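Listing of start22.txt; format and content: compact mmCIF, C-alpha atoms.
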# COMPACT_ATOMS: atom_id res chain seq x y z
CA MET A 27 73.20 12.33 -71.22
CA THR A 28 75.19 13.27 -74.28
CA ASP A 29 78.23 14.40 -72.32
CA LYS A 30 80.78 12.42 -70.39
CA ALA A 31 80.23 11.48 -66.75
CA ASN A 32 82.96 11.77 -64.16
CA LEU A 33 82.07 9.02 -61.70
CA ALA A 34 83.82 10.59 -58.68
CA GLU A 35 82.07 13.92 -59.29
CA LYS A 36 78.70 12.22 -59.57
CA LEU A 37 79.36 10.31 -56.33
CA ALA A 38 80.34 13.53 -54.55
CA GLY A 39 76.88 14.92 -55.27
CA PHE A 40 74.92 12.75 -52.84
CA ASP A 41 75.22 10.89 -49.54
CA GLN A 42 72.38 8.35 -49.45
CA HIS A 43 73.21 4.66 -49.35
CA TYR A 44 71.62 2.10 -51.68
CA ALA A 45 70.12 4.92 -53.78
CA PRO A 46 71.72 4.62 -57.23
CA ARG A 47 72.09 7.60 -59.54
CA THR A 48 71.92 7.14 -63.32
CA VAL A 49 74.86 8.82 -65.03
CA ALA A 50 74.52 7.45 -68.57
CA GLU A 51 72.28 5.28 -70.72
CA PHE A 52 73.55 2.45 -72.85
CA ASN A 53 71.64 -0.09 -74.99
CA GLY A 54 68.52 0.13 -72.85
CA HIS A 55 70.52 -0.04 -69.63
CA ASP A 56 71.19 2.54 -66.94
CA VAL A 57 74.83 3.09 -66.00
CA MET A 58 74.65 4.08 -62.33
CA VAL A 59 76.82 4.99 -59.39
CA ALA A 60 75.89 4.17 -55.81
CA LYS A 61 77.20 4.41 -52.27
CA LEU A 62 76.70 1.34 -50.13
CA LYS A 63 77.11 0.86 -46.41
CA GLY A 64 76.04 -2.10 -44.33
CA PRO A 65 74.04 -5.03 -45.69
CA PHE A 66 71.47 -4.74 -48.45
CA VAL A 67 68.50 -7.11 -48.71
CA TRP A 68 68.71 -10.60 -50.15
CA HIS A 69 67.24 -10.45 -53.65
CA LYS A 70 67.50 -11.69 -57.22
CA HIS A 71 66.70 -10.52 -60.71
CA ASP A 72 65.11 -13.22 -62.84
CA GLU A 73 65.45 -11.29 -66.09
CA THR A 74 68.85 -9.66 -65.89
CA ASP A 75 72.44 -10.23 -64.86
CA ASP A 76 73.72 -7.76 -62.27
CA PHE A 77 76.96 -5.92 -63.07
CA PHE A 78 79.16 -4.52 -60.28
CA LEU A 79 82.40 -2.55 -60.54
CA VAL A 80 83.87 -1.41 -57.23
CA LEU A 81 85.42 2.07 -57.32
CA LYS A 82 86.26 2.50 -53.63
CA GLY A 83 86.18 0.23 -50.57
CA ILE A 84 85.63 -3.49 -50.13
CA LEU A 85 82.33 -5.12 -51.06
CA ASP A 86 81.18 -8.62 -50.19
CA ILE A 87 78.63 -10.05 -52.56
CA GLU A 88 77.08 -12.87 -50.60
CA MET A 89 75.38 -15.65 -52.50
CA ARG A 90 73.75 -18.68 -50.91
CA ASP A 91 76.74 -20.92 -51.62
CA ARG A 92 79.69 -18.49 -51.57
CA THR A 93 80.83 -14.92 -51.11
CA VAL A 94 82.80 -12.89 -53.67
CA THR A 95 84.85 -10.04 -52.18
CA LEU A 96 85.57 -7.11 -54.50
CA GLY A 97 88.07 -4.29 -54.15
CA PRO A 98 88.63 -1.22 -56.33
CA GLY A 99 88.94 -2.04 -60.01
CA GLU A 100 87.23 -5.41 -59.66
CA VAL A 101 84.18 -6.50 -61.65
CA PHE A 102 81.68 -9.21 -60.86
CA VAL A 103 78.48 -10.20 -62.64
CA VAL A 104 75.79 -11.92 -60.59
CA PRO A 105 73.99 -14.18 -63.05
CA ARG A 106 70.26 -13.71 -63.46
CA GLY A 107 68.18 -15.71 -61.01
CA VAL A 108 70.94 -15.99 -58.42
CA GLU A 109 70.04 -14.74 -54.94
CA HIS A 110 72.58 -12.32 -53.58
CA ARG A 111 73.12 -9.74 -50.89
CA PRO A 112 75.74 -6.97 -51.15
CA VAL A 113 77.37 -6.20 -47.80
CA ALA A 114 79.59 -3.14 -47.40
CA ARG A 115 81.60 -3.24 -44.19
CA GLU A 116 82.66 0.38 -44.70
CA GLU A 117 81.25 2.83 -47.24
CA VAL A 118 81.74 1.46 -50.73
CA HIS A 119 81.38 3.25 -54.06
CA ILE A 120 80.33 1.25 -57.09
CA MET A 121 79.35 1.56 -60.72
CA LEU A 122 76.51 -0.74 -61.67
CA ILE A 123 74.60 -1.43 -64.86
CA GLU A 124 71.08 -2.74 -65.16
CA PRO A 125 68.31 -2.54 -67.75
CA THR A 126 66.46 0.74 -67.29
CA GLY A 127 63.61 0.17 -64.85
CA THR A 128 65.12 -2.79 -62.99
CA PRO A 129 64.14 -2.56 -59.29
CA ASN A 130 67.39 -2.46 -57.29
CA SER A 131 65.90 -4.64 -54.57
CA GLY A 132 64.41 -7.10 -57.05
CA ASP A 133 60.91 -5.89 -56.07
CA PRO A 134 59.24 -2.72 -57.38
CA LYS A 135 57.55 -2.24 -53.98
CA THR A 136 60.84 -1.75 -52.13
CA ALA A 137 63.04 -0.40 -54.94
CA ALA A 138 64.79 2.95 -54.90
CA PRO A 139 63.29 5.39 -57.42
CA ARG A 140 65.19 6.09 -60.64
CA ARG A 141 67.27 9.24 -60.24
CA LEU A 142 69.23 10.86 -63.06
CA VAL A 143 72.23 13.05 -62.30
CA MET B 6 83.57 -16.31 -66.14
CA THR B 7 81.91 -17.07 -62.80
CA ASP B 8 84.62 -15.41 -60.76
CA LYS B 9 85.48 -11.77 -60.32
CA ALA B 10 87.80 -9.96 -62.73
CA ASN B 11 90.53 -7.62 -61.54
CA LEU B 12 90.83 -5.15 -64.41
CA ALA B 13 94.44 -4.15 -63.71
CA GLU B 14 95.54 -7.78 -63.54
CA LYS B 15 93.80 -8.55 -66.82
CA LEU B 16 95.44 -5.53 -68.45
CA ALA B 17 98.86 -6.62 -67.18
CA GLY B 18 98.51 -9.86 -69.13
CA PHE B 19 98.90 -8.45 -72.64
CA ASP B 20 100.57 -5.63 -74.56
CA GLN B 21 98.74 -5.36 -77.88
CA HIS B 22 96.88 -2.17 -78.70
CA TYR B 23 93.30 -2.11 -79.97
CA ALA B 24 92.92 -5.82 -79.17
CA PRO B 25 90.23 -6.06 -76.47
CA ARG B 26 90.10 -8.93 -73.99
CA THR B 27 86.76 -10.13 -72.67
CA VAL B 28 86.83 -10.37 -68.87
CA ALA B 29 83.13 -10.97 -68.13
CA GLU B 30 79.79 -11.49 -69.85
CA PHE B 31 76.67 -9.54 -69.00
CA ASN B 32 73.20 -9.61 -70.61
CA GLY B 33 74.54 -10.69 -73.99
CA HIS B 34 77.38 -8.19 -73.83
CA ASP B 35 81.12 -8.64 -73.46
CA VAL B 36 82.80 -6.61 -70.72
CA MET B 37 86.28 -5.99 -72.08
CA VAL B 38 89.54 -4.28 -71.26
CA ALA B 39 91.83 -2.83 -73.90
CA LYS B 40 95.04 -0.88 -74.30
CA LEU B 41 94.96 1.92 -76.83
CA LYS B 42 97.77 3.95 -78.32
CA GLY B 43 97.60 6.32 -81.25
CA PRO B 44 94.53 6.79 -83.41
CA PHE B 45 92.03 4.04 -84.18
CA VAL B 46 89.97 4.00 -87.40
CA TRP B 47 86.87 6.10 -87.97
CA HIS B 48 83.89 3.78 -87.57
CA LYS B 49 80.36 3.44 -86.27
CA HIS B 50 78.08 0.76 -84.95
CA ASP B 51 74.55 1.01 -86.35
CA GLU B 52 73.07 -1.49 -83.89
CA THR B 53 74.71 -0.66 -80.58
CA ASP B 54 75.81 2.18 -78.38
CA ASP B 55 79.52 2.11 -77.50
CA PHE B 56 80.44 2.28 -73.80
CA PHE B 57 83.85 3.60 -72.70
CA LEU B 58 85.29 3.89 -69.19
CA VAL B 59 88.86 5.19 -69.00
CA LEU B 60 90.99 3.49 -66.34
CA LYS B 61 94.36 5.10 -67.12
CA GLY B 62 95.55 7.89 -69.41
CA ILE B 63 93.72 10.47 -71.49
CA LEU B 64 91.51 9.44 -74.40
CA ASP B 65 90.05 11.66 -77.08
CA ILE B 66 86.90 10.35 -78.66
CA GLU B 67 86.64 12.28 -81.88
CA MET B 68 83.26 12.61 -83.52
CA ARG B 69 82.57 14.51 -86.73
CA ASP B 70 81.22 17.55 -84.86
CA ARG B 71 83.11 17.47 -81.55
CA THR B 72 85.70 15.70 -79.42
CA VAL B 73 85.10 14.34 -75.92
CA THR B 74 88.24 14.00 -73.80
CA LEU B 75 88.13 11.37 -71.06
CA GLY B 76 90.42 10.85 -68.08
CA PRO B 77 90.48 8.09 -65.47
CA GLY B 78 87.07 7.41 -63.93
CA GLU B 79 85.18 9.04 -66.78
CA VAL B 80 82.46 7.34 -68.80
CA PHE B 81 81.16 8.20 -72.24
CA VAL B 82 78.63 6.44 -74.43
CA VAL B 83 78.88 6.96 -78.19
CA PRO B 84 75.31 6.63 -79.45
CA ARG B 85 74.63 4.03 -82.11
CA GLY B 86 75.14 5.27 -85.63
CA VAL B 87 77.55 8.04 -84.65
CA GLU B 88 80.90 7.99 -86.41
CA HIS B 89 83.79 8.18 -83.99
CA ARG B 90 87.51 7.67 -83.72
CA PRO B 91 89.30 7.03 -80.42
CA VAL B 92 92.71 8.70 -80.26
CA ALA B 93 95.13 7.88 -77.45
CA ARG B 94 97.99 10.34 -77.26
CA GLU B 95 99.80 8.09 -74.77
CA GLU B 96 98.90 4.52 -73.83
CA VAL B 97 95.38 4.43 -72.45
CA HIS B 98 93.64 1.62 -70.59
CA ILE B 99 89.88 1.32 -70.89
CA MET B 100 86.96 -0.88 -69.98
CA LEU B 101 84.43 -1.18 -72.75
CA ILE B 102 81.13 -3.00 -73.15
CA GLU B 103 79.58 -4.16 -76.40
CA PRO B 104 77.14 -6.87 -77.43
CA THR B 105 79.04 -10.13 -77.85
CA GLY B 106 80.22 -10.37 -81.45
CA THR B 107 80.31 -6.63 -82.19
CA PRO B 108 83.27 -5.91 -84.52
CA ASN B 109 85.47 -3.37 -82.72
CA SER B 110 86.22 -1.56 -85.98
CA GLY B 111 82.58 -1.57 -87.06
CA ASP B 112 83.47 -4.05 -89.84
CA PRO B 113 83.93 -7.82 -89.41
CA LYS B 114 86.66 -7.78 -92.06
CA THR B 115 88.97 -5.56 -90.03
CA ALA B 116 87.82 -6.40 -86.50
CA ALA B 117 90.04 -7.83 -83.79
CA PRO B 118 89.11 -11.43 -82.92
CA ARG B 119 87.21 -12.13 -79.70
CA ARG B 120 89.66 -13.10 -76.95
CA LEU B 121 88.62 -14.28 -73.50
CA VAL B 122 90.96 -13.89 -70.55

What do you get writing this file as C-alpha cells?
Amino acid sequence: MTDKANLAEKLAGFDQHYAPRTVAEFNGHDVMVAKLKGPFVWHKHDETDDFFLVLKGILDIEMRDRTVTLGPGEVFVVPRGVEHRPVAREEVHIMLIEPTGTPNSGDPKTAAPRRLV
Amino acid sequence: MTDKANLAEKLAGFDQHYAPRTVAEFNGHDVMVAKLKGPFVWHKHDETDDFFLVLKGILDIEMRDRTVTLGPGEVFVVPRGVEHRPVAREEVHIMLIEPTGTPNSGDPKTAAPRRLV
C-alpha cells in the first residue's frame, strides 16, 4: 500500500460486479475500485457519506426523491443516512471511498468481503 | 454541494496553480481539484494522509528517500508525517482529498484559502 495504484490496471485484474477491491488506504478509509452492472440493492449508511467517482460508463444513483446520473470524471457524494441504489445500465467502473470496514450493502450480512489488490 | 461535480468542468473554471477548489464534501473532508505547474514547497501534514489522483499530465511526488511519478488515473497516498514536494513538469490536473481546513502547504501562514466552486 506504499506504492501508487493505477486504477485501470487494478480494474483489469478482476471481473466480478459489486465486489470492490481496495487499492489504497487513506485516513481510516479504503480507496476502492469496483465494476458495476445492473441494479444494486437499496441501502444506506447511517455513519458515513458515500463517495463515487465514475471512471467508465454511465451510472444512475437512484435516491427516493431523485436520480443523479454520473458519467466519466463525475463525482457524487451520497450523504449519510440517505437511501440509495446504484444502477449500471452497462458495465460501469468506479472509484469509491468508504471508512475501512463499511459494508457495501449497508448490512454486514450481505456485504462483499474486503479484498485488497 | 448536493449535486454532482464534473471534475473537468470545475477545472475549466480557473487558471491559478496550487490553488485548490473544493467541489464536494465527504466525511469531514474536502474533495478538491487543482492545477499544478512547477515545484510546490516541501511540506508535511502531521495529522492527515494526503490523497492524490492525477487526472491529466505527469506529476512527480518527491519524498526525501524516493520519488513517485503519477500519470492519469493513478492514485498515491502520502502518509501523514512524510515530507513531500509535488513537482509538475508541465501543467497537471489533480483531484485531492484532505480534511476540511487542512493547509495545503502544511502551514496556515502560507496556505491557499479555501475556495468552493

What separates atom CA of Asp91 of chain A and atom CA of Pro65 of chain A is a distance of 17.2 Å

For atom CA of Thr74 of chain B and atom CA of Lys30 of chain A, quote the distance in Å rounded to one decimal. 8.4 Å

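The interface of chain B with chain A at 7 Å, considering only C-alpha atoms, consists of Asp8, Lys9, Ala10, Asn11, Leu12, Ala13, Phe31, Asn32, Thr53, Asp54, Phe56, Gly78, Glu79, Val80, Phe81 and Val82 of chain B.
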
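Minimum atom-to-atom distances from B:Leu64, B:Ala24, B:Met37, B:Val46 to Glu96 of chain B were compared using only C-alpha atoms, and the lowest value belongs to B:Leu64.
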
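With all atoms listed in the file as the atoms that count, the minimum distance from Leu101 of chain B to the choices B:Ala39, B:Val122, B:Ala116, B:Ile66 is reached by B:Ala39.
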
Would you mind listing what lies within 8 Å of Val108 of chain A as a PDB file with C-alpha atoms, in the coordinates of the input, with only C-alpha atoms counted and same-chain residues fewer than 4 positions away left out?
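Contents of result.pdb, as written:
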ATOM      1  CA  LYS A  70      67.500 -11.690 -57.220  1.00  0.00           C
ATOM      2  CA  HIS A  71      66.700 -10.520 -60.710  1.00  0.00           C
ATOM      3  CA  ASP A  72      65.110 -13.220 -62.840  1.00  0.00           C
ATOM      4  CA  MET A  89      75.380 -15.650 -52.500  1.00  0.00           C
ATOM      5  CA  VAL A 104      75.790 -11.920 -60.590  1.00  0.00           C
TER       6      VAL A 104
END

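Across the structure, atom CA of Leu62 of chain A and atom CA of Leu16 of chain B are spaced 27.1 Å apart.
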
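Residues lying within 6 Å of Val38 of chain B, counting all atoms listed in the file and ignoring same-chain neighbours fewer than 2 positions away, are Pro25, Arg26, Ile99 and Met100 of chain B.
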
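Counting all atoms listed in the file, the residue from B:Gly62, B:Leu121, B:Glu67, B:Thr115 that sits nearest to Arg94 of chain B is B:Gly62.
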